[in-house]
Amino acid sequence: MIEFRSVSYQYPDGQVALHDVSIRIDAGSFVAVLGENGAGKTTFVKCINGLIKPTKGDVLVDGMSTRNASVAQMAKKVGLVFQNSDNQLFATSVREELDFSLRNVGIPESKRPRIIEETLTTMNLSHLKEKSPFLLSGGERKRAAFASLICMDQPVFIADEPTQGQDEIQRENIEQILRHMQEQKKTVIIITHDLDFIARLADRVVIFEHGRISLDGPVEDVFQSPAVIQLGHLSPTQELALKWILKDKAPEIPMPFKMDQRTLISTFVEKIKARRGRVH
Amino acid sequence: MSIDLLKGFEFKKKDTFVHRLDPRSKLVITIAYSVLALSFSNIFPLAFFIATLLPFLAGGRIVKRWLTSLKGLSFIIIFIIVLNTLLTTLNFAISMCLRIILLVSSFSIFFMTVHPDELALSLLAMKVPFSFTFTLSLATRFVPTLAAEAQNIIDAQRSRGLELEKGNLLVRVKNMVPILIPLIINSIKRAFSIAEALESKAFGAIKTRTNYYEIKMRARDYTVIAIIILFVIGFFILYFGNYLPPVFYFTLQVIFPNL
């Protein structure tokens, strides 16, 4: 479990990035963090793995305060994939990239090859294991960056904008990876502006505004109103926009958040037909 | 090595006497102090030169950032002290540290108080071709970007459990590899992108250029240049003519002959 107790953080230049943030994230939950640029999302996740120590308050991960732990200690509990995955890759091969992470957290050499093989298979990177990360495509590099964290098997996994700049196939790959983690009951936190992604995966949404949490709730509740679009600085999907219009025009039709476009339209068409039938 | 060192080369706009000086006069200061740093290898002359830079640092209100950059230099200083003490003498080790502090400080004054565009203009005024001045001003403009990127890479690798502050000197140097490789590769990629962007904006299509702003040397600039040149020549005469107090010729071997 992750717990923020009245956490504030001010950067050395005086900019207040987090202001009295209190939140509890249960183990095994999938949380989407939203908000405009500079709202405090990245600072929030950096507080979880101890890269940033709060200027006020406390962050607890599994009961351990990040204040008393080094980032290396926290790396055993929290994996964080940065927005620009190129920043994390440096080794001469994908296999060595994973080996570096495992060495850092003290996994004995005898166990490392098996863990590396398993992770590469899960991430569909086995055929690229001896290739230089710098010669991979953008999507493959992203997967290699994910793999270099996933092999450490931390209970908490955080990804900053995992789908940014990725094509549809790579988005699906990343979705599969995150879904796999969800099945393994890991706590997953993603910073994203990708509504489709949130709709398919997240079970909780937290919206940041000027360093404070302005909205926090189950994904179904948060996306009940178009106000969330403005608050989270998002672009509504066609599906969501249609859902809100229909909800406004025909409030009697139940529309669960995770209803797909086809079901949504056919439900609505049927309802209209039924209404016409009543009129005639 | 910390990225704090790069803070000593980052321009911040301020309205001070040092900032108002023409970039060419500040370039003279930097060159003069570099000559002094490389010409003397005794502890006291070098410490004296550093002390004479303090009025410039205080006048430009950059003392705090200068100290931060020196903090970032601490790793190199330790490295120099250990290596030189083992291979040469402690006196030489301290001198080399003071020399690097003096060199970094003189360049810090220049880069912290000269806007990259002013730097380009001053070089243009000295008849340096535009492509060179533009490259140089672009390079200095990217120092803060590079510093931010270095910090991001450090954060990314620390998140993977890399401990930069632990281990002996050799381990610490080895730990820099995961930081330096992505930084170099990203910089090369960025350089290519910028080159392509410039070419797409017809860079170099017109040979003769005019500038919106023009810089001009004033009386204060000539005064500063004259003082600096007199100081350098005067110090050389006084030092090599043995006119200075004995402390300027002091070495640690006088007290510790075995060091």
# chains A, B, ... in the order shown; residues from 1 in each chain; ligands from 1
>>> closest_atom_pairs(of="chain A", to="chain B", cutoff="8 Å", atoms="only C-alpha atoms", output="tab-separated table")
residue	atom	partner	partner_atom	distance
A:Asn49	CA	B:Ser159	CA	7.1
A:Leu51	CA	B:Asp155	CA	6.8
A:Val71	CA	B:Arg158	CA	6.3
A:Ala72	CA	B:Gly161	CA	4.1
A:Gln73	CA	B:Gly161	CA	7.2
A:Met74	CA	B:Gly161	CA	8.0
A:Ala75	CA	B:Gly161	CA	5.2
A:Lys76	CA	B:Gly161	CA	7.5
A:Gly79	CA	B:Ser159	CA	6.8
A:Leu80	CA	B:Ser159	CA	6.3
A:Val81	CA	B:Ala156	CA	7.6
A:Phe82	CA	B:Ala156	CA	6.5
A:Asp86	CA	B:Pro182	CA	6.8
A:Asn87	CA	B:Ile153	CA	5.0
A:Gln88	CA	B:Ala156	CA	5.6
A:Leu89	CA	B:Pro182	CA	6.5
A:Phe90	CA	B:Pro178	CA	5.6
A:Ala91	CA	B:Pro178	CA	7.5
A:Ser101	CA	B:Arg160	CA	5.6
A:Asn104	CA	B:Gly161	CA	5.1
A:Val105	CA	B:Gly161	CA	6.0
A:Ser148	CA	B:Arg160	CA	8.0
A:Leu149	CA	B:Arg160	CA	6.7
>>> select_by_dssp(residues="stretch 14-241 of chain B", states="alpha helix (DSSP H)", output="ChimeraX atom specification")
/B:17-20,23-39,43-59,63-87,90-113,116-125,130-141,143-158,169-175,177-200,219-240
>>> residues_around(residues="stretch 245-254 of chain A", least_positions_apart="4", cutoff="12 Å", atoms="only C-alpha atoms", output="ChimeraX atom specification")
/A:223-226,238-241,258-259,263-272,274-275
>>> atom_distance(atom1="atom CA of A:Leu102", atom2="atom CA of A:Leu125")
17.1 Å
>>> residues_around(residues="B:Leu123", least_positions_apart="5", cutoff="12 Å", atoms="only C-alpha atoms", output="PyMOL selection string")
chain B and resi 22-25+27+116-118+128-137+214-215
>>> residues_around(residues="stretch 163-168 of chain A", least_positions_apart="2", cutoff="8 Å", atoms="only C-alpha atoms", output="list in words")
Gln83, Gly138, Gly139, Glu161, Gln170, Arg171, Glu172, Ile174, Thr192 and Asp194 of chain A
>>> atom_distance(atom1="atom CA of A:Ser29", atom2="atom CA of A:Thr187")
5.1 Å
>>> closest_atom_pairs(of="stretch 40-95 of chain A", to="stretch 10-27 of chain A", cutoff="9 Å", atoms="only C-alpha atoms", output="Markdown table")
| residue | atom | partner | partner_atom | distance |
| --- | --- | --- | --- | --- |
| A:Gly40 | CA | A:Ala17 | CA | 5.1 |
| A:Lys41 | CA | A:Ala17 | CA | 8.7 |
| A:Thr43 | CA | A:Ala17 | CA | 6.7 |
| A:Phe44 | CA | A:Leu18 | CA | 7.3 |
| A:Pro54 | CA | A:Gln10 | CA | 8.0 |
| A:Thr55 | CA | A:Gln10 | CA | 6.5 |
| A:Lys56 | CA | A:Asp20 | CA | 8.0 |
| A:Gly57 | CA | A:Asp20 | CA | 7.8 |
| A:Asp62 | CA | A:Ala27 | CA | 8.8 |
>>> closest_residue(among="A:Phe30, A:Tyr9, A:Phe134, A:Phe100", to="A:Val188", atoms="only C-alpha atoms")
A:Phe30
>>> atom_distance(atom1="atom CA of A:Ala159", atom2="atom CA of A:Val31")
10.7 Å
